[in-house]
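Let me begin by presenting the structure, written as C-alpha coordinates, before commenting on it.
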Amino acid sequence: MNEDGALACMLEALLFLSTDPLSTEELADAAQAQEGEVVAALALLAQRHAPGRSGIRMRELGGGWTLTSDPAAEEAARRLFSRPRLATLTPAQAETLAIVAYLQPVSRPEITRIRGVNADSATATLLDRGLIEPAGQSQFGAVLYRTGIQFLKLFGLRSLDELPDIARWDPTPQEQAELRERLLRAGDARAGAGPGPG
(Lines give C-alpha, C1' and ligand atoms only; values in the text may rest on other atoms or scores of the structure.)
Protein backbone atom coordinates (compact mmCIF):
# COMPACT_ATOMS: atom_id res chain seq x y z
CA MET A 1 0.00 0.00 0.00
CA ASN A 2 1.44 3.40 -0.98
CA GLU A 3 1.61 6.38 1.37
CA ASP A 4 -1.57 7.94 -0.05
CA GLY A 5 -3.42 4.66 0.48
CA ALA A 6 -2.11 4.27 4.01
CA LEU A 7 -3.10 7.84 4.89
CA ALA A 8 -6.56 7.29 3.35
CA CYS A 9 -7.02 4.18 5.51
CA MET A 10 -5.98 6.10 8.62
CA LEU A 11 -8.37 8.97 7.83
CA GLU A 12 -11.17 6.50 7.15
CA ALA A 13 -10.64 5.01 10.63
CA LEU A 14 -10.65 8.48 12.23
CA LEU A 15 -13.86 9.45 10.43
CA PHE A 16 -15.45 6.15 11.45
CA LEU A 17 -14.55 6.69 15.10
CA SER A 18 -15.70 10.31 15.27
CA THR A 19 -19.31 11.19 16.04
CA ASP A 20 -18.79 14.72 14.66
CA PRO A 21 -17.52 15.91 11.27
CA LEU A 22 -13.73 16.43 11.22
CA SER A 23 -12.02 19.28 9.38
CA THR A 24 -8.99 18.74 7.17
CA GLU A 25 -6.97 20.63 9.78
CA GLU A 26 -8.11 18.27 12.58
CA LEU A 27 -7.41 15.24 10.41
CA ALA A 28 -3.96 16.54 9.43
CA ASP A 29 -3.10 17.20 13.07
CA ALA A 30 -4.26 13.75 14.21
CA ALA A 31 -2.53 11.94 11.33
CA GLN A 32 0.59 14.15 11.54
CA ALA A 33 0.30 14.89 7.84
CA GLN A 34 0.22 18.00 5.65
CA GLU A 35 -3.22 19.40 4.82
CA GLY A 36 -2.51 18.93 1.10
CA GLU A 37 -1.83 15.23 1.71
CA VAL A 38 -5.07 14.97 3.69
CA VAL A 39 -7.04 16.61 0.88
CA ALA A 40 -5.59 14.11 -1.61
CA ALA A 41 -6.35 11.17 0.73
CA LEU A 42 -9.91 12.43 1.25
CA ALA A 43 -10.37 12.52 -2.54
CA LEU A 44 -9.21 8.89 -2.65
CA LEU A 45 -11.73 8.02 0.08
CA ALA A 46 -14.49 9.82 -1.79
CA GLN A 47 -13.77 7.63 -4.84
CA ARG A 48 -13.74 4.50 -2.68
CA HIS A 49 -17.11 5.44 -1.21
CA ALA A 50 -18.71 6.70 -4.42
CA PRO A 51 -22.42 5.89 -4.95
CA GLY A 52 -22.82 2.31 -6.15
CA ARG A 53 -19.36 1.28 -4.93
CA SER A 54 -19.94 1.23 -1.17
CA GLY A 55 -22.72 1.30 1.39
CA ILE A 56 -20.85 4.14 3.11
CA ARG A 57 -20.76 7.71 1.80
CA MET A 58 -18.35 10.54 2.57
CA ARG A 59 -20.10 13.83 3.18
CA GLU A 60 -18.90 17.34 3.86
CA LEU A 61 -20.93 18.77 6.73
CA GLY A 62 -20.44 21.82 8.91
CA GLY A 63 -16.97 22.54 7.60
CA GLY A 64 -15.78 18.97 8.13
CA TRP A 65 -15.97 15.45 6.76
CA THR A 66 -18.01 12.54 8.03
CA LEU A 67 -19.03 9.02 7.02
CA THR A 68 -22.72 8.29 6.55
CA SER A 69 -24.75 5.34 5.31
CA ASP A 70 -25.99 5.22 1.74
CA PRO A 71 -29.56 6.59 1.58
CA ALA A 72 -30.54 3.39 -0.27
CA ALA A 73 -30.08 1.51 3.01
CA GLU A 74 -32.43 3.78 4.98
CA GLU A 75 -35.49 1.50 4.92
CA ALA A 76 -33.48 -1.60 5.82
CA ALA A 77 -31.73 0.31 8.62
CA ARG A 78 -35.07 1.50 9.97
CA ARG A 79 -36.36 -2.09 10.07
CA LEU A 80 -33.18 -3.33 11.77
CA PHE A 81 -32.92 -0.65 14.43
CA SER A 82 -36.62 -0.49 15.22
CA ARG A 83 -36.39 -3.98 16.72
CA PRO A 84 -36.61 -4.03 20.48
CA ARG A 85 -33.15 -4.00 21.98
CA LEU A 86 -32.13 -6.08 24.97
CA ALA A 87 -32.36 -3.88 28.04
CA THR A 88 -29.49 -3.72 30.48
CA LEU A 89 -29.58 -6.40 33.16
CA THR A 90 -30.36 -5.28 36.69
CA PRO A 91 -27.89 -6.30 39.42
CA ALA A 92 -30.36 -8.97 40.61
CA GLN A 93 -30.69 -10.38 37.08
CA ALA A 94 -26.92 -10.31 36.49
CA GLU A 95 -26.31 -12.08 39.81
CA THR A 96 -28.92 -14.72 39.01
CA LEU A 97 -27.50 -15.21 35.51
CA ALA A 98 -23.97 -15.67 36.92
CA ILE A 99 -25.25 -18.32 39.34
CA VAL A 100 -26.96 -20.20 36.52
CA ALA A 101 -23.92 -19.88 34.24
CA TYR A 102 -21.48 -21.32 36.75
CA LEU A 103 -23.65 -23.86 38.57
CA GLN A 104 -25.95 -25.06 35.80
CA PRO A 105 -28.15 -26.93 35.90
CA VAL A 106 -29.48 -25.17 39.00
CA SER A 107 -32.97 -24.82 40.47
CA ARG A 108 -34.75 -21.62 41.49
CA PRO A 109 -34.76 -22.62 45.19
CA GLU A 110 -30.96 -23.06 45.01
CA ILE A 111 -30.60 -19.66 43.33
CA THR A 112 -32.77 -18.10 46.05
CA ARG A 113 -30.67 -19.74 48.78
CA ILE A 114 -27.41 -18.55 47.22
CA ARG A 115 -28.62 -14.99 46.63
CA GLY A 116 -30.34 -14.83 50.01
CA VAL A 117 -33.41 -13.21 48.43
CA ASN A 118 -36.28 -14.40 46.25
CA ALA A 119 -35.11 -15.08 42.69
CA ASP A 120 -38.52 -15.54 41.04
CA SER A 121 -38.67 -12.13 39.32
CA ALA A 122 -35.06 -12.21 38.06
CA THR A 123 -35.41 -15.80 36.85
CA ALA A 124 -38.68 -15.02 35.03
CA THR A 125 -37.11 -12.05 33.26
CA LEU A 126 -34.06 -14.07 32.19
CA LEU A 127 -36.40 -16.77 30.86
CA ASP A 128 -38.43 -14.19 28.91
CA ARG A 129 -35.24 -12.82 27.34
CA GLY A 130 -34.03 -16.29 26.38
CA LEU A 131 -30.86 -15.98 28.47
CA ILE A 132 -31.76 -19.09 30.47
CA GLU A 133 -33.95 -22.09 29.69
CA PRO A 134 -35.41 -25.10 31.50
CA ALA A 135 -33.10 -28.11 31.72
CA GLY A 136 -35.20 -30.83 33.34
CA GLN A 137 -36.16 -31.29 36.98
CA SER A 138 -34.27 -31.90 40.19
CA GLN A 139 -34.85 -35.00 42.29
CA PHE A 140 -37.29 -32.89 44.33
CA GLY A 141 -39.30 -31.84 41.27
CA ALA A 142 -37.96 -28.28 40.99
CA VAL A 143 -37.27 -26.99 37.47
CA LEU A 144 -33.56 -26.83 36.67
CA TYR A 145 -32.16 -23.98 34.55
CA ARG A 146 -29.21 -23.62 32.23
CA THR A 147 -28.01 -20.80 30.00
CA GLY A 148 -29.41 -20.56 26.47
CA ILE A 149 -27.95 -19.60 23.08
CA GLN A 150 -28.90 -15.97 23.67
CA PHE A 151 -26.56 -15.96 26.69
CA LEU A 152 -23.63 -16.99 24.46
CA LYS A 153 -24.56 -14.33 21.89
CA LEU A 154 -24.91 -11.60 24.51
CA PHE A 155 -21.46 -12.26 25.96
CA GLY A 156 -19.76 -13.15 22.65
CA LEU A 157 -18.90 -16.70 23.68
CA ARG A 158 -18.55 -19.65 21.31
CA SER A 159 -19.24 -22.06 24.16
CA LEU A 160 -19.47 -22.20 27.95
CA ASP A 161 -15.83 -23.31 27.98
CA GLU A 162 -14.96 -19.66 27.32
CA LEU A 163 -16.52 -18.47 30.59
CA PRO A 164 -13.88 -16.76 32.76
CA ASP A 165 -12.36 -19.18 35.25
CA ILE A 166 -13.24 -17.19 38.35
CA ALA A 167 -11.55 -19.64 40.70
CA ARG A 168 -8.45 -20.13 38.51
CA TRP A 169 -8.55 -23.84 39.27
CA ASP A 170 -10.20 -26.89 37.83
CA PRO A 171 -12.47 -28.19 40.60
CA THR A 172 -13.09 -31.87 41.08
CA PRO A 173 -16.72 -33.01 41.44
CA GLN A 174 -16.17 -33.05 45.22
CA GLU A 175 -14.82 -29.47 45.16
CA GLN A 176 -17.78 -28.38 43.02
CA ALA A 177 -20.17 -29.92 45.55
CA GLU A 178 -18.33 -28.19 48.41
CA LEU A 179 -18.45 -24.86 46.57
CA ARG A 180 -22.17 -25.25 45.99
CA GLU A 181 -22.71 -26.01 49.68
CA ARG A 182 -20.62 -22.99 50.73
CA LEU A 183 -22.63 -20.73 48.43
CA LEU A 184 -25.90 -22.15 49.74
CA ARG A 185 -24.79 -21.61 53.34
CA ALA A 186 -23.73 -18.05 52.52
CA GLY A 187 -27.13 -17.45 50.94
CA ASP A 188 -28.89 -18.82 54.00
CA ALA A 189 -26.83 -16.48 56.19
CA ARG A 190 -27.76 -13.49 53.99
CA ALA A 191 -31.43 -14.45 54.14
CA GLY A 192 -31.24 -14.53 57.92
CA ALA A 193 -29.84 -11.00 57.93
CA GLY A 194 -33.04 -9.55 56.49
CA PRO A 195 -34.85 -8.98 53.17
CA GLY A 196 -33.11 -7.49 50.17
CA PRO A 197 -34.14 -6.40 46.68
CA GLY A 198 -35.39 -9.15 44.36
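As shown in the C-alpha coordinates, the chain order sets the letters A, B, ...; within each chain, residues go from 1, and ligands are also counted from 1 in the order they appear.
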
Residues of range 76-146 of chain A in helix (DSSP H, G or I), written as JSON, numbers by chain: {"A": [76, 77, 78, 79, 80, 81, 91, 92, 93, 94, 95, 96, 97, 98, 99, 100, 101, 102, 103, 108, 109, 110, 111, 112, 113, 114, 115, 120, 121, 122, 123, 124, 125, 126, 127, 128]}

Store the residues of this selection in a file with N, CA, C and O atoms, as a tab-separated table (two decimals), in the first residue's frame.
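Written out: again.tsv:
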chain	number	residue	atom	x	y	z
A	76	ALA	N	-33.99	-0.40	5.16
A	76	ALA	CA	-33.48	-1.60	5.82
A	76	ALA	C	-32.94	-1.26	7.21
A	76	ALA	O	-33.16	-2.00	8.17
A	77	ALA	N	-32.26	-0.12	7.32
A	77	ALA	CA	-31.73	0.31	8.62
A	77	ALA	C	-32.86	0.59	9.60
A	77	ALA	O	-32.78	0.24	10.78
A	78	ARG	N	-33.93	1.20	9.10
A	78	ARG	CA	-35.07	1.50	9.97
A	78	ARG	C	-35.69	0.20	10.50
A	78	ARG	O	-36.04	0.10	11.67
A	79	ARG	N	-35.81	-0.81	9.62
A	79	ARG	CA	-36.36	-2.09	10.07
A	79	ARG	C	-35.45	-2.75	11.11
A	79	ARG	O	-35.91	-3.27	12.11
A	80	LEU	N	-34.13	-2.70	10.85
A	80	LEU	CA	-33.18	-3.33	11.77
A	80	LEU	C	-33.18	-2.66	13.13
A	80	LEU	O	-33.28	-3.33	14.16
A	81	PHE	N	-33.10	-1.35	13.16
A	81	PHE	CA	-32.92	-0.65	14.43
A	81	PHE	C	-34.23	-0.32	15.14
A	81	PHE	O	-34.22	0.20	16.25
A	91	PRO	N	-28.84	-5.52	38.60
A	91	PRO	CA	-27.89	-6.30	39.42
A	91	PRO	C	-28.45	-7.66	39.84
A	91	PRO	O	-27.73	-8.65	39.84
A	92	ALA	N	-29.75	-7.70	40.20
A	92	ALA	CA	-30.36	-8.97	40.61
A	92	ALA	C	-30.37	-9.97	39.46
A	92	ALA	O	-30.09	-11.16	39.65
A	93	GLN	N	-30.66	-9.49	38.25
A	93	GLN	CA	-30.69	-10.38	37.08
A	93	GLN	C	-29.28	-10.85	36.73
A	93	GLN	O	-29.07	-12.02	36.41
A	94	ALA	N	-28.30	-9.95	36.80
A	94	ALA	CA	-26.92	-10.31	36.49
A	94	ALA	C	-26.40	-11.34	37.50
A	94	ALA	O	-25.72	-12.31	37.13
A	95	GLU	N	-26.74	-11.15	38.77
A	95	GLU	CA	-26.31	-12.08	39.81
A	95	GLU	C	-26.93	-13.45	39.58
A	95	GLU	O	-26.26	-14.49	39.66
A	96	THR	N	-28.22	-13.46	39.27
A	96	THR	CA	-28.92	-14.72	39.01
A	96	THR	C	-28.35	-15.41	37.78
A	96	THR	O	-28.12	-16.63	37.79
A	97	LEU	N	-28.05	-14.64	36.73
A	97	LEU	CA	-27.50	-15.21	35.51
A	97	LEU	C	-26.12	-15.81	35.77
A	97	LEU	O	-25.78	-16.88	35.25
A	98	ALA	N	-25.30	-15.15	36.59
A	98	ALA	CA	-23.97	-15.67	36.92
A	98	ALA	C	-24.08	-16.99	37.67
A	98	ALA	O	-23.32	-17.93	37.41
A	99	ILE	N	-25.05	-17.08	38.59
A	99	ILE	CA	-25.25	-18.32	39.34
A	99	ILE	C	-25.62	-19.46	38.40
A	99	ILE	O	-25.08	-20.56	38.47
A	100	VAL	N	-26.55	-19.17	37.47
A	100	VAL	CA	-26.96	-20.20	36.52
A	100	VAL	C	-25.78	-20.60	35.63
A	100	VAL	O	-25.53	-21.78	35.39
A	101	ALA	N	-25.03	-19.61	35.16
A	101	ALA	CA	-23.92	-19.88	34.24
A	101	ALA	C	-22.88	-20.79	34.87
A	101	ALA	O	-22.37	-21.71	34.21
A	102	TYR	N	-22.56	-20.56	36.13
A	102	TYR	CA	-21.48	-21.32	36.75
A	102	TYR	C	-21.92	-22.58	37.47
A	102	TYR	O	-21.11	-23.46	37.70
A	103	LEU	N	-23.19	-22.67	37.83
A	103	LEU	CA	-23.65	-23.86	38.57
A	103	LEU	C	-24.65	-24.71	37.79
A	103	LEU	O	-25.20	-25.65	38.33
A	108	ARG	N	-34.40	-22.92	40.93
A	108	ARG	CA	-34.75	-21.62	41.49
A	108	ARG	C	-34.58	-21.58	43.01
A	108	ARG	O	-34.06	-20.60	43.55
A	109	PRO	N	-34.99	-22.64	43.74
A	109	PRO	CA	-34.76	-22.62	45.19
A	109	PRO	C	-33.27	-22.51	45.54
A	109	PRO	O	-32.90	-21.82	46.49
A	110	GLU	N	-32.41	-23.17	44.76
A	110	GLU	CA	-30.96	-23.06	45.01
A	110	GLU	C	-30.49	-21.63	44.74
A	110	GLU	O	-29.68	-21.09	45.50
A	111	ILE	N	-30.98	-21.03	43.65
A	111	ILE	CA	-30.60	-19.66	43.33
A	111	ILE	C	-31.03	-18.72	44.45
A	111	ILE	O	-30.26	-17.86	44.90
A	112	THR	N	-32.25	-18.93	44.95
A	112	THR	CA	-32.77	-18.10	46.05
A	112	THR	C	-31.90	-18.26	47.29
A	112	THR	O	-31.57	-17.29	47.96
A	113	ARG	N	-31.52	-19.50	47.60
A	113	ARG	CA	-30.67	-19.74	48.78
A	113	ARG	C	-29.31	-19.07	48.63
A	113	ARG	O	-28.78	-18.47	49.57
A	114	ILE	N	-28.73	-19.15	47.45
A	114	ILE	CA	-27.41	-18.55	47.22
A	114	ILE	C	-27.49	-17.03	47.28
A	114	ILE	O	-26.65	-16.38	47.92
A	115	ARG	N	-28.49	-16.45	46.64
A	115	ARG	CA	-28.62	-14.99	46.63
A	115	ARG	C	-29.09	-14.46	47.98
A	115	ARG	O	-28.84	-13.31	48.32
A	120	ASP	N	-37.46	-15.29	42.01
A	120	ASP	CA	-38.52	-15.54	41.04
A	120	ASP	C	-38.57	-14.49	39.93
A	120	ASP	O	-38.64	-14.83	38.75
A	121	SER	N	-38.54	-13.20	40.31
A	121	SER	CA	-38.67	-12.13	39.32
A	121	SER	C	-37.48	-12.13	38.36
A	121	SER	O	-37.65	-12.06	37.14
A	122	ALA	N	-36.27	-12.22	38.91
A	122	ALA	CA	-35.06	-12.21	38.06
A	122	ALA	C	-35.04	-13.42	37.13
A	122	ALA	O	-34.73	-13.30	35.94
A	123	THR	N	-35.41	-14.58	37.66
A	123	THR	CA	-35.41	-15.80	36.85
A	123	THR	C	-36.44	-15.69	35.73
A	123	THR	O	-36.16	-16.06	34.58
A	124	ALA	N	-37.63	-15.17	36.04
A	124	ALA	CA	-38.68	-15.02	35.03
A	124	ALA	C	-38.24	-14.09	33.91
A	124	ALA	O	-38.47	-14.36	32.72
A	125	THR	N	-37.58	-13.00	34.28
A	125	THR	CA	-37.11	-12.05	33.26
A	125	THR	C	-36.04	-12.68	32.38
A	125	THR	O	-36.05	-12.51	31.15
A	126	LEU	N	-35.12	-13.41	32.98
A	126	LEU	CA	-34.06	-14.07	32.19
A	126	LEU	C	-34.65	-15.11	31.26
A	126	LEU	O	-34.18	-15.29	30.12
A	127	LEU	N	-35.70	-15.81	31.72
A	127	LEU	CA	-36.40	-16.77	30.86
A	127	LEU	C	-37.05	-16.06	29.68
A	127	LEU	O	-36.94	-16.50	28.53
A	128	ASP	N	-37.75	-14.95	29.97
A	128	ASP	CA	-38.43	-14.19	28.91
A	128	ASP	C	-37.45	-13.71	27.85
A	128	ASP	O	-37.77	-13.66	26.67

Contact residues around range 59-62 of chain A with only C-alpha atoms at 9 Å, ignoring same-chain residues under 3 positions, as an NGL selection string: :A and (21-23 or 46 or 65-68)

Selected residues written out with all heavy atoms, as a tab-separated table (two decimals), in the first residue's frame:
chain	number	residue	atom	x	y	z
A	21	PRO	N	-18.36	15.69	12.45
A	21	PRO	CA	-17.52	15.91	11.27
A	21	PRO	C	-16.15	16.43	11.67
A	21	PRO	O	-16.01	17.17	12.65
A	21	PRO	CB	-18.30	16.98	10.49
A	21	PRO	CG	-19.71	16.84	10.95
A	21	PRO	CD	-19.62	16.44	12.39
A	22	LEU	N	-15.11	16.02	10.93
A	22	LEU	CA	-13.73	16.43	11.22
A	22	LEU	C	-13.21	17.28	10.06
A	22	LEU	O	-13.35	16.91	8.90
A	22	LEU	CB	-12.84	15.20	11.39
A	22	LEU	CG	-13.18	14.28	12.58
A	22	LEU	CD1	-12.31	13.03	12.52
A	22	LEU	CD2	-12.98	15.01	13.90
A	23	SER	N	-12.58	18.40	10.40
A	23	SER	CA	-12.02	19.28	9.38
A	23	SER	C	-10.71	18.70	8.87
A	23	SER	O	-10.08	17.84	9.51
A	23	SER	CB	-11.78	20.68	9.96
A	23	SER	OG	-10.75	20.62	10.94
A	46	ALA	N	-13.23	9.48	-1.13
A	46	ALA	CA	-14.49	9.82	-1.79
A	46	ALA	C	-14.72	8.91	-2.99
A	46	ALA	O	-15.86	8.49	-3.26
A	46	ALA	CB	-14.47	11.29	-2.23
A	65	TRP	N	-15.61	16.66	7.49
A	65	TRP	CA	-15.97	15.45	6.76
A	65	TRP	C	-16.50	14.39	7.72
A	65	TRP	O	-16.08	14.30	8.86
A	65	TRP	CB	-14.75	14.90	6.03
A	65	TRP	CG	-14.30	15.81	4.93
A	65	TRP	CD1	-13.38	16.80	5.01
A	65	TRP	CD2	-14.79	15.82	3.59
A	65	TRP	NE1	-13.25	17.43	3.79
A	65	TRP	CE2	-14.10	16.85	2.90
A	65	TRP	CE3	-15.73	15.07	2.89
A	65	TRP	CZ2	-14.33	17.13	1.56
A	65	TRP	CZ3	-15.95	15.35	1.56
A	65	TRP	CH2	-15.27	16.37	0.91
A	66	THR	N	-17.44	13.61	7.22
A	66	THR	CA	-18.01	12.54	8.03
A	66	THR	C	-18.40	11.37	7.13
A	66	THR	O	-18.56	11.53	5.91
A	66	THR	CB	-19.24	13.05	8.82
A	66	THR	OG1	-19.66	12.05	9.74
A	66	THR	CG2	-20.40	13.40	7.90
A	67	LEU	N	-18.55	10.20	7.74
A	67	LEU	CA	-19.03	9.02	7.02
A	67	LEU	C	-20.50	8.81	7.36
A	67	LEU	O	-20.89	8.89	8.52
A	67	LEU	CB	-18.23	7.77	7.43
A	67	LEU	CG	-16.75	7.76	7.06
A	67	LEU	CD1	-16.08	6.50	7.62
A	67	LEU	CD2	-16.55	7.83	5.55
A	68	THR	N	-21.30	8.56	6.34
A	68	THR	CA	-22.72	8.29	6.55
A	68	THR	C	-23.11	7.05	5.75
A	68	THR	O	-22.37	6.62	4.87
A	68	THR	CB	-23.60	9.48	6.09
A	68	THR	OG1	-23.47	9.63	4.66
A	68	THR	CG2	-23.21	10.77	6.79

Atom pair CA of Gly55 in chain A / CA of Gln34 in chain A: separation (Å):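 Value for the CA of Gly55 in chain A-CA of Gln34 in chain A distance: 28.7 Å.
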
Run DSSP on the backbone and tell me which residues of chain A come out as strand (DSSP E or B); list them as a PyMOL selection string. chain A and resi 22+56-61+64-69+106-107+132-137+143-147

Near Glu26 in chain A, counting only C-alpha atoms, which residues have an atom at most 10 Å away, once you skip same-chain residues fewer than 4 positions from it, shown as a PyMOL selection string? chain A and resi 21-22+30-32+35+38+64

Distance CA of Ala50 in chain A-CA of Ala73 in chain A, one decimal place?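 According to the coordinates, CA of Ala50 in chain A and CA of Ala73 in chain A are separated by 14.5 Å.
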
Tell me, in Å to one decimal, how far CA of Leu179 in chain A is from CA of Leu163 in chain A.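 These atoms are spaced 17.3 Å apart.
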
Env of range 144-155 of chain A: 9 Å cut, atoms = only C-alpha atoms, seq-sep filter 6 positions within chain, self excluded. Answer as a ChimeraX atom specification. /A:97,100-101,103-108,129-138

How would the residues just chosen look if you wrote them out with N, CA, C and O atoms as a short mmCIF file (atom, residue, chain, number, x, y, z; two decimals), in the first residue's frame?
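Contents of selection08.cif, as written:
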data_model
loop_
_atom_site.label_atom_id
_atom_site.label_comp_id
_atom_site.auth_asym_id
_atom_site.auth_seq_id
_atom_site.Cartn_x
_atom_site.Cartn_y
_atom_site.Cartn_z
N LEU A 97 -28.05 -14.64 36.73
CA LEU A 97 -27.50 -15.21 35.51
C LEU A 97 -26.12 -15.81 35.77
O LEU A 97 -25.78 -16.88 35.25
N VAL A 100 -26.55 -19.17 37.47
CA VAL A 100 -26.96 -20.20 36.52
C VAL A 100 -25.78 -20.60 35.63
O VAL A 100 -25.53 -21.78 35.39
N ALA A 101 -25.03 -19.61 35.16
CA ALA A 101 -23.92 -19.88 34.24
C ALA A 101 -22.88 -20.79 34.87
O ALA A 101 -22.37 -21.71 34.21
N LEU A 103 -23.19 -22.67 37.83
CA LEU A 103 -23.65 -23.86 38.57
C LEU A 103 -24.65 -24.71 37.79
O LEU A 103 -25.20 -25.65 38.33
N GLN A 104 -24.91 -24.36 36.55
CA GLN A 104 -25.95 -25.06 35.80
C GLN A 104 -25.69 -26.56 35.68
O GLN A 104 -24.51 -26.95 35.60
N PRO A 105 -26.77 -27.35 35.69
CA PRO A 105 -28.15 -26.93 35.90
C PRO A 105 -28.42 -26.64 37.37
O PRO A 105 -27.90 -27.34 38.25
N VAL A 106 -29.21 -25.60 37.63
CA VAL A 106 -29.48 -25.17 39.00
C VAL A 106 -30.96 -24.80 39.12
O VAL A 106 -31.56 -24.31 38.17
N SER A 107 -31.54 -25.08 40.27
CA SER A 107 -32.97 -24.82 40.47
C SER A 107 -33.18 -23.42 41.06
O SER A 107 -32.28 -22.83 41.65
N ARG A 108 -34.40 -22.92 40.93
CA ARG A 108 -34.75 -21.62 41.49
C ARG A 108 -34.58 -21.58 43.01
O ARG A 108 -34.06 -20.60 43.55
N ARG A 129 -36.24 -13.34 28.27
CA ARG A 129 -35.24 -12.82 27.34
C ARG A 129 -34.45 -13.93 26.64
O ARG A 129 -33.61 -13.66 25.80
N GLY A 130 -34.71 -15.17 27.01
CA GLY A 130 -34.03 -16.29 26.38
C GLY A 130 -32.60 -16.49 26.85
O GLY A 130 -31.83 -17.23 26.23
N LEU A 131 -32.23 -15.84 27.96
CA LEU A 131 -30.86 -15.98 28.47
C LEU A 131 -30.69 -17.29 29.24
O LEU A 131 -29.59 -17.82 29.32
N ILE A 132 -31.77 -17.77 29.83
CA ILE A 132 -31.76 -19.09 30.47
C ILE A 132 -32.93 -19.90 29.95
O ILE A 132 -33.87 -19.33 29.38
N GLU A 133 -32.88 -21.21 30.16
CA GLU A 133 -33.95 -22.09 29.69
C GLU A 133 -34.06 -23.29 30.62
O GLU A 133 -33.10 -23.63 31.32
N PRO A 134 -35.24 -23.91 30.65
CA PRO A 134 -35.41 -25.10 31.50
C PRO A 134 -34.50 -26.23 31.05
O PRO A 134 -34.22 -26.39 29.87
N ALA A 135 -34.01 -26.99 32.03
CA ALA A 135 -33.10 -28.11 31.72
C ALA A 135 -33.48 -29.32 32.56
O ALA A 135 -32.64 -29.93 33.20
N GLY A 136 -34.77 -29.67 32.58
CA GLY A 136 -35.20 -30.83 33.34
C GLY A 136 -35.64 -30.46 34.75
O GLY A 136 -35.91 -29.29 35.04
N GLN A 137 -35.71 -31.49 35.60
CA GLN A 137 -36.16 -31.29 36.98
C GLN A 137 -35.19 -31.93 37.95
O GLN A 137 -34.54 -32.93 37.63
N SER A 138 -35.11 -31.33 39.14
CA SER A 138 -34.27 -31.90 40.19
C SER A 138 -34.96 -33.12 40.77
O SER A 138 -36.13 -33.40 40.47
#

For Glu37 in chain A, please output as a list of chain:residue names all residues within 12 Å (counting only C-alpha atoms; exclusion window: fewer than 3 positions along the same chain).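 So, after excluding close chain neighbours, the residues are A:Glu3, A:Asp4, A:Gly5, A:Ala6, A:Leu7, A:Ala8, A:Leu11, A:Thr24, A:Glu25, A:Leu27, A:Ala28, A:Asp29, A:Ala31, A:Gln32, A:Ala33, A:Gln34, A:Ala40, A:Ala41, A:Leu42, A:Ala43, A:Leu44.
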
Store the residues picked out above in a file with N, CA and C atoms, as a PDB file, in the first residue's frame.
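For reference, out34.pdb as written:
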ATOM      1  N   GLU A   3       1.833   5.454   0.262  1.00  0.00           N
ATOM      2  CA  GLU A   3       1.611   6.383   1.374  1.00  0.00           C
ATOM      3  C   GLU A   3       0.233   7.008   1.322  1.00  0.00           C
ATOM      4  N   ASP A   4      -0.224   7.360   0.087  1.00  0.00           N
ATOM      5  CA  ASP A   4      -1.566   7.940  -0.048  1.00  0.00           C
ATOM      6  C   ASP A   4      -2.632   6.959   0.431  1.00  0.00           C
ATOM      7  N   GLY A   5      -2.455   5.676   0.059  1.00  0.00           N
ATOM      8  CA  GLY A   5      -3.421   4.660   0.475  1.00  0.00           C
ATOM      9  C   GLY A   5      -3.408   4.443   1.968  1.00  0.00           C
ATOM     10  N   ALA A   6      -2.221   4.457   2.572  1.00  0.00           N
ATOM     11  CA  ALA A   6      -2.109   4.272   4.014  1.00  0.00           C
ATOM     12  C   ALA A   6      -2.739   5.443   4.753  1.00  0.00           C
ATOM     13  N   LEU A   7      -2.506   6.659   4.258  1.00  0.00           N
ATOM     14  CA  LEU A   7      -3.102   7.842   4.892  1.00  0.00           C
ATOM     15  C   LEU A   7      -4.623   7.803   4.743  1.00  0.00           C
ATOM     16  N   ALA A   8      -5.111   7.377   3.568  1.00  0.00           N
ATOM     17  CA  ALA A   8      -6.558   7.287   3.352  1.00  0.00           C
ATOM     18  C   ALA A   8      -7.182   6.302   4.338  1.00  0.00           C
ATOM     19  N   LEU A  11      -7.304   7.962   7.760  1.00  0.00           N
ATOM     20  CA  LEU A  11      -8.367   8.969   7.829  1.00  0.00           C
ATOM     21  C   LEU A  11      -9.745   8.317   7.887  1.00  0.00           C
ATOM     22  N   THR A  24     -10.270  19.197   7.708  1.00  0.00           N
ATOM     23  CA  THR A  24      -8.988  18.735   7.174  1.00  0.00           C
ATOM     24  C   THR A  24      -7.855  19.087   8.139  1.00  0.00           C
ATOM     25  N   GLU A  25      -7.990  20.228   8.818  1.00  0.00           N
ATOM     26  CA  GLU A  25      -6.969  20.627   9.785  1.00  0.00           C
ATOM     27  C   GLU A  25      -6.912  19.641  10.957  1.00  0.00           C
ATOM     28  N   LEU A  27      -7.902  16.520  10.928  1.00  0.00           N
ATOM     29  CA  LEU A  27      -7.412  15.242  10.410  1.00  0.00           C
ATOM     30  C   LEU A  27      -5.895  15.286  10.195  1.00  0.00           C
ATOM     31  N   ALA A  28      -5.394  16.410   9.663  1.00  0.00           N
ATOM     32  CA  ALA A  28      -3.959  16.544   9.434  1.00  0.00           C
ATOM     33  C   ALA A  28      -3.203  16.501  10.758  1.00  0.00           C
ATOM     34  N   ASP A  29      -3.748  17.179  11.768  1.00  0.00           N
ATOM     35  CA  ASP A  29      -3.097  17.202  13.075  1.00  0.00           C
ATOM     36  C   ASP A  29      -3.058  15.798  13.686  1.00  0.00           C
ATOM     37  N   ALA A  31      -3.311  12.875  12.150  1.00  0.00           N
ATOM     38  CA  ALA A  31      -2.529  11.940  11.331  1.00  0.00           C
ATOM     39  C   ALA A  31      -1.079  12.386  11.167  1.00  0.00           C
ATOM     40  N   GLN A  32      -0.750  13.570  11.688  1.00  0.00           N
ATOM     41  CA  GLN A  32       0.590  14.145  11.542  1.00  0.00           C
ATOM     42  C   GLN A  32       0.990  14.180  10.071  1.00  0.00           C
ATOM     43  N   ALA A  33       0.087  14.781   9.280  1.00  0.00           N
ATOM     44  CA  ALA A  33       0.298  14.892   7.839  1.00  0.00           C
ATOM     45  C   ALA A  33       0.047  16.332   7.404  1.00  0.00           C
ATOM     46  N   GLN A  34       0.473  16.668   6.208  1.00  0.00           N
ATOM     47  CA  GLN A  34       0.217  17.995   5.647  1.00  0.00           C
ATOM     48  C   GLN A  34      -1.235  18.062   5.170  1.00  0.00           C
ATOM     49  N   ALA A  40      -5.759  15.148  -0.585  1.00  0.00           N
ATOM     50  CA  ALA A  40      -5.594  14.111  -1.612  1.00  0.00           C
ATOM     51  C   ALA A  40      -6.130  12.764  -1.114  1.00  0.00           C
ATOM     52  N   ALA A  41      -5.861  12.442   0.160  1.00  0.00           N
ATOM     53  CA  ALA A  41      -6.345  11.172   0.727  1.00  0.00           C
ATOM     54  C   ALA A  41      -7.866  11.176   0.841  1.00  0.00           C
ATOM     55  N   LEU A  42      -8.438  12.327   1.177  1.00  0.00           N
ATOM     56  CA  LEU A  42      -9.906  12.426   1.252  1.00  0.00           C
ATOM     57  C   LEU A  42     -10.537  12.227  -0.126  1.00  0.00           C
ATOM     58  N   ALA A  43      -9.873  12.726  -1.167  1.00  0.00           N
ATOM     59  CA  ALA A  43     -10.371  12.516  -2.535  1.00  0.00           C
ATOM     60  C   ALA A  43     -10.355  11.031  -2.879  1.00  0.00           C
ATOM     61  N   LEU A  44      -9.303  10.343  -2.430  1.00  0.00           N
ATOM     62  CA  LEU A  44      -9.208   8.894  -2.651  1.00  0.00           C
ATOM     63  C   LEU A  44     -10.340   8.169  -1.924  1.00  0.00           C
TER      64      LEU A  44
END
